[in-house]
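**Q** Structure in structure tokens, see below.
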Amino acid sequence: MAGVDDLAKALESTPGGGIILTSIDAIADWARGYSLWMMPMGTACCAMELIAASFSKFDFDRHGSIPRPDPRHTDVMVVAGTITHKMAPAVKRLWAQMPDPKWCIAMGNCAVSGGIFYYDTYSVVRGVDEFLPVDIYIAGCPPRPESLQDAILRLREKVRAESISPSRVRAVEGVLPLPGDPLRGETADAAPEGSDV
Amino acid sequence: MIEPQDTPTDQAAPALPDLDCAPDVVMPEVIYEGDNTIVNIGPSHPSTHGVCRVIVELDGEIVRHAEPVIGHLHRGIEKMAENRTYLQVVPLTDRLDYVGSMYANWAYCRAVERLAGIRVPERAEYIRVIVCELQRIASHMMAIGPAGADTGATSAFMYTFWQRELVVDLFESLCGARLTYNYVRPGGVSFDLPDGWIEKCREFVAQHPAAMLEIDRFLFGNVIFRARTKGIGVLDADDAVSWGASGPVARGSGVDWDLRRDDPYSVYPRFDFSIPVGDNGDVYDRTRVRLWEAIESCRIIGQALDGLAEFEPGTIKADGMPRLLAPRPGDAYDHIESARGSLGVYLVSDGSVRPYRMKVRSPAFCNLALLPLVSEGYTLSDLVVILGSLDPVFGEVDR
Ligand code: SF4
């Protein structure tokens, strides 16, 4: 991976230049992870922070995350704001229009769980994960743009651990909870035999 | 074998008795017919400024009818308020008009104060004026910038958004939140101004008019922007009044009406400010009125900061505020001039600790209703610009 991340350096140190050896997974994930274009599914207050993220002060373009309102151009759907039962079919449809591979970020308490609108209301979907496979949750009402930035960086790590073959997950160290990782709720002893961790 | 029964098929069915009721409603003619094309915009479309769906009937490229379909962000805030105590409703009002949260806070608090007979200390009133005028600036920046972006001038959005960020920073040091402030509370405000805030605010107010004049020159003086917005979406003054438009949308059409001056509330009568009024009622005037209002807001803030020195720091909450308000049975309505127009809150109390009913009179809703009227006869690309110039915020439209 190091070779892929430092592509320029790797090219320079290769005799004759122009040829490096890598795996298809590594180069594909490298390319995907650094240009996560966003589908800004901003519906309510959180959309303001989503807009702020791509404007003067925070400038997300430098992470390669460019908001594109066309679902067919995008890789990651950022659901920012309250999703009502009336809006949910439109969100589902836009998600279906996004080409694979695609990821989803639930930004703000409303998208995570319904947030302030969890109780006493009849029209709000209690969390976008009721109908979308969410990869990253960001808490906050609204979360700061920095949180969204952190989410993009974490999503990049997650993307790096994926394989272009859909049935396989590449184990990249320090990225996903591996067997024995406290995040998985197992102890190190419980790591399966022959595991390389 | 069973004999078929003698069925009285040849007898006439008894006539239904006439009902004593209102005459039948004659359904209006079907709008969508003929060769015109129906185009659906939204509910997720970058140019609708939120989750609005517009069904447009097009004749070639000319809009014959545009029907806004709302309710995609209906969160039932008015109904939720019936299950919250008076103080717990304040955070909900933040989520109404999320581009200008302070206004809904203030309008709601004024209704509560009127209902419960609370007198707010003057320092708190001054602070409320300052934060609400700052909020007006921040909110208008979100109307002027997109007007440029809708017509293809994205750089103006960058400039206005920067000014908005400066205001948001001020709010953040005031109450810790960038967007949902929950700052104006029944009986006063939640915190006094932190140290050094007045100087920071003065710095902002000092640089803001110059920034606005620059935008006035390079956006409103731009030949493309003028061509795209002048004479587009014309709303005449009579229509503005009869459709219930308010705020910059009405003032852009020459309706000289502003609650801050014409139904003065809080400490506004003490300040010297003018109300910019357009005369053509087109997109250009509506948007430019906002820009000049932002400059006037700076004047108000300057005067309010001067006036603030008279009052002892810390006197920001009404005396004897109970923890749980239970106003006597009755009702109260109060309205303020928000960035979008006259924002009113109507509260009914049945004597318990929760409102019996809350109703929000939303200026964004009334202004959005003008869309079919003002977009008819213009092109599809103008529709986007016209919708932006009405500046709807869907949290407030759908509530
Ligand atoms: S999480 Fe909070 S700020 Fe975000 S959409 Fe929901 S209510 Fe608005």
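Residues are named by chain letter and number: chains run A, B, ... in the order of the structure tokens, numbers start at 1 in each chain, and ligands are numbered from 1 in the order shown.
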If you count only C-alpha atoms and all ligand atoms, which residues end up within 10 Å of ligand 1, as a PyMOL selection string?
**A** (chain A and resi 42-49+79-83+106-117+138-144) or (chain B and resi 73+75+91-92+94-96+98+178-180+395)
**Q** Compute the set of chain B residues within 10 Å of chain A, using only C-alpha atoms, and express it as JSON, numbers by chain.
**A** {"B": [42, 43, 44, 45, 46, 47, 49, 50, 51, 52, 70, 71, 72, 73, 74, 75, 76, 77, 78, 79, 80, 81, 82, 83, 84, 91, 92, 94, 95, 96, 97, 98, 99, 101, 142, 157, 158, 159, 160, 161, 162, 163, 164, 165, 166, 177, 178, 179, 180, 393, 394, 395]}
**Q** Quick one: distance from atom CA of A:Glu157 to atom CA of A:Arg72 in Å, one decimal?
**A**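 So the two atoms, atom CA of A:Glu157 and atom CA of A:Arg72, lie 23.0 Å apart.
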**Q** Apply DSSP to the backbone of this structure and, from stretch 19-144 of chain A, keep only the residues in strand (DSSP E); write these as a list in words.
**A** Met38, Met39, Pro40, Met41, Gly42, Val76, Met77, Val78, Val79, Ala80, Trp103, Cys104, Ile105, Ala106, Met107, Ile136, Tyr137 and Ile138 of chain A
**Q** Give me a file of those residues, with N, CA and C atoms, as a PDB file, in the first residue's frame.
**A**
ATOM      1  N   MET A  38     -19.605  13.346  -3.665  1.00  0.00           N
ATOM      2  CA  MET A  38     -20.752  13.264  -2.772  1.00  0.00           C
ATOM      3  C   MET A  38     -22.047  13.534  -3.509  1.00  0.00           C
ATOM      4  N   MET A  39     -23.055  12.755  -3.169  1.00  0.00           N
ATOM      5  CA  MET A  39     -24.417  13.079  -3.582  1.00  0.00           C
ATOM      6  C   MET A  39     -25.045  13.806  -2.391  1.00  0.00           C
ATOM      7  N   PRO A  40     -25.174  15.137  -2.454  1.00  0.00           N
ATOM      8  CA  PRO A  40     -25.647  15.847  -1.257  1.00  0.00           C
ATOM      9  C   PRO A  40     -27.157  15.692  -1.089  1.00  0.00           C
ATOM     10  N   MET A  41     -27.545  14.731  -0.273  1.00  0.00           N
ATOM     11  CA  MET A  41     -28.969  14.504  -0.050  1.00  0.00           C
ATOM     12  C   MET A  41     -29.395  15.367   1.140  1.00  0.00           C
ATOM     13  N   GLY A  42     -29.258  16.675   0.975  1.00  0.00           N
ATOM     14  CA  GLY A  42     -29.542  17.589   2.083  1.00  0.00           C
ATOM     15  C   GLY A  42     -31.009  17.968   2.085  1.00  0.00           C
ATOM     16  N   VAL A  76     -20.707   8.520  -2.947  1.00  0.00           N
ATOM     17  CA  VAL A  76     -21.160   8.451  -1.559  1.00  0.00           C
ATOM     18  C   VAL A  76     -22.358   9.379  -1.381  1.00  0.00           C
ATOM     19  N   MET A  77     -23.417   8.822  -0.819  1.00  0.00           N
ATOM     20  CA  MET A  77     -24.580   9.648  -0.555  1.00  0.00           C
ATOM     21  C   MET A  77     -24.490  10.163   0.882  1.00  0.00           C
ATOM     22  N   VAL A  78     -24.523  11.484   1.018  1.00  0.00           N
ATOM     23  CA  VAL A  78     -24.518  12.062   2.353  1.00  0.00           C
ATOM     24  C   VAL A  78     -25.951  12.461   2.672  1.00  0.00           C
ATOM     25  N   VAL A  79     -26.587  11.713   3.549  1.00  0.00           N
ATOM     26  CA  VAL A  79     -27.962  12.048   3.916  1.00  0.00           C
ATOM     27  C   VAL A  79     -27.887  13.030   5.071  1.00  0.00           C
ATOM     28  N   ALA A  80     -28.168  14.285   4.788  1.00  0.00           N
ATOM     29  CA  ALA A  80     -28.063  15.330   5.803  1.00  0.00           C
ATOM     30  C   ALA A  80     -29.447  15.907   6.009  1.00  0.00           C
ATOM     31  N   TRP A 103     -21.370   4.230  -1.220  1.00  0.00           N
ATOM     32  CA  TRP A 103     -21.348   4.253   0.243  1.00  0.00           C
ATOM     33  C   TRP A 103     -22.353   5.289   0.732  1.00  0.00           C
ATOM     34  N   CYS A 104     -22.654   5.228   1.988  1.00  0.00           N
ATOM     35  CA  CYS A 104     -23.655   6.145   2.523  1.00  0.00           C
ATOM     36  C   CYS A 104     -23.193   6.696   3.864  1.00  0.00           C
ATOM     37  N   ILE A 105     -23.313   8.013   4.028  1.00  0.00           N
ATOM     38  CA  ILE A 105     -22.995   8.658   5.297  1.00  0.00           C
ATOM     39  C   ILE A 105     -24.290   9.235   5.849  1.00  0.00           C
ATOM     40  N   ALA A 106     -24.634   8.895   7.074  1.00  0.00           N
ATOM     41  CA  ALA A 106     -25.803   9.494   7.716  1.00  0.00           C
ATOM     42  C   ALA A 106     -25.311  10.649   8.562  1.00  0.00           C
ATOM     43  N   MET A 107     -25.633  11.870   8.133  1.00  0.00           N
ATOM     44  CA  MET A 107     -25.107  13.052   8.815  1.00  0.00           C
ATOM     45  C   MET A 107     -26.199  13.654   9.686  1.00  0.00           C
ATOM     46  N   ILE A 136     -21.202   5.228   7.587  1.00  0.00           N
ATOM     47  CA  ILE A 136     -20.663   6.072   8.642  1.00  0.00           C
ATOM     48  C   ILE A 136     -21.822   6.882   9.244  1.00  0.00           C
ATOM     49  N   TYR A 137     -21.867   6.926  10.555  1.00  0.00           N
ATOM     50  CA  TYR A 137     -22.856   7.768  11.231  1.00  0.00           C
ATOM     51  C   TYR A 137     -22.143   8.968  11.835  1.00  0.00           C
ATOM     52  N   ILE A 138     -22.705  10.154  11.681  1.00  0.00           N
ATOM     53  CA  ILE A 138     -22.137  11.331  12.335  1.00  0.00           C
ATOM     54  C   ILE A 138     -23.192  11.871  13.284  1.00  0.00           C
TER      55      ILE A 138
END
**Q** Excluding stretch 339-342 of chain B and its own-chain neighbours fewer than 2 positions away, which residues fall within 9 Å of it when counting only C-alpha atoms? Please give them as number ranges by chain.
**A** B: 100, 103, 133, 135-137, 139-140, 245-250, 258-259, 290, 335-337, 344, 361-364, 367, 390-393
**Q** Generate a file of the selected residues that holds C-alpha atoms, formatted as a PDB file, in the first residue's frame.
**A**
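The result, stored in selection32.pdb:
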ATOM      1  CA  GLY B 100     -32.561  32.130  10.485  1.00  0.00           C
ATOM      2  CA  TYR B 103     -36.224  34.651  14.432  1.00  0.00           C
ATOM      3  CA  GLU B 133     -30.111  41.713  12.837  1.00  0.00           C
ATOM      4  CA  GLN B 135     -29.236  36.704  11.683  1.00  0.00           C
ATOM      5  CA  ARG B 136     -30.912  38.813   9.014  1.00  0.00           C
ATOM      6  CA  ILE B 137     -27.515  39.418   7.467  1.00  0.00           C
ATOM      7  CA  SER B 139     -29.927  34.732   6.133  1.00  0.00           C
ATOM      8  CA  HIS B 140     -29.822  37.273   3.315  1.00  0.00           C
ATOM      9  CA  ALA B 245     -46.490  38.308   0.544  1.00  0.00           C
ATOM     10  CA  SER B 246     -44.226  39.964   3.066  1.00  0.00           C
ATOM     11  CA  GLY B 247     -40.598  40.741   3.672  1.00  0.00           C
ATOM     12  CA  PRO B 248     -38.196  41.392   0.800  1.00  0.00           C
ATOM     13  CA  VAL B 249     -40.587  39.751  -1.674  1.00  0.00           C
ATOM     14  CA  ALA B 250     -43.258  42.378  -0.979  1.00  0.00           C
ATOM     15  CA  ASP B 258     -41.886  46.400   7.501  1.00  0.00           C
ATOM     16  CA  LEU B 259     -43.061  45.349  10.927  1.00  0.00           C
ATOM     17  CA  ARG B 290     -31.960  42.033   0.583  1.00  0.00           C
ATOM     18  CA  HIS B 335     -45.209  38.561  15.044  1.00  0.00           C
ATOM     19  CA  ILE B 336     -41.812  39.891  14.089  1.00  0.00           C
ATOM     20  CA  GLU B 337     -40.128  40.833  10.862  1.00  0.00           C
ATOM     21  CA  GLY B 344     -46.075  35.054  13.587  1.00  0.00           C
ATOM     22  CA  ARG B 361     -47.649  31.957  10.387  1.00  0.00           C
ATOM     23  CA  SER B 362     -44.841  31.286   8.010  1.00  0.00           C
ATOM     24  CA  PRO B 363     -43.762  33.996   5.568  1.00  0.00           C
ATOM     25  CA  ALA B 364     -41.871  31.472   3.443  1.00  0.00           C
ATOM     26  CA  ASN B 367     -44.207  33.724  -0.480  1.00  0.00           C
ATOM     27  CA  LEU B 390     -38.730  33.920  -3.251  1.00  0.00           C
ATOM     28  CA  ASP B 391     -36.174  32.481  -0.794  1.00  0.00           C
ATOM     29  CA  PRO B 392     -38.219  29.619   0.596  1.00  0.00           C
ATOM     30  CA  VAL B 393     -36.863  27.669   3.544  1.00  0.00           C
TER      31      VAL B 393
END
**Q** A:His73: which residues within 8 Å, counting only C-alpha atoms, same-chain residues fewer than 4 positions away excluded, as JSON, numbers by chain?
**A** {"A": [37, 68, 98, 99]}
**Q** What is the distance, in Å and to one decimal place, between atom CA of B:Pro313 and atom CA of B:Ser266?
**A**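 Those two atoms sit 18.8 Å apart.
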**Q** Apply DSSP to the backbone of this structure and, from stretch 43-173 of chain A, keep only the residues in alpha helix (DSSP H); write these as a count of residues only.
**A** 40
**Q** What's the separation between atom CA of B:Ala138 and atom CA of B:Val69, in Å to one decimal place?
**A**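 The value is 27.2 Å.
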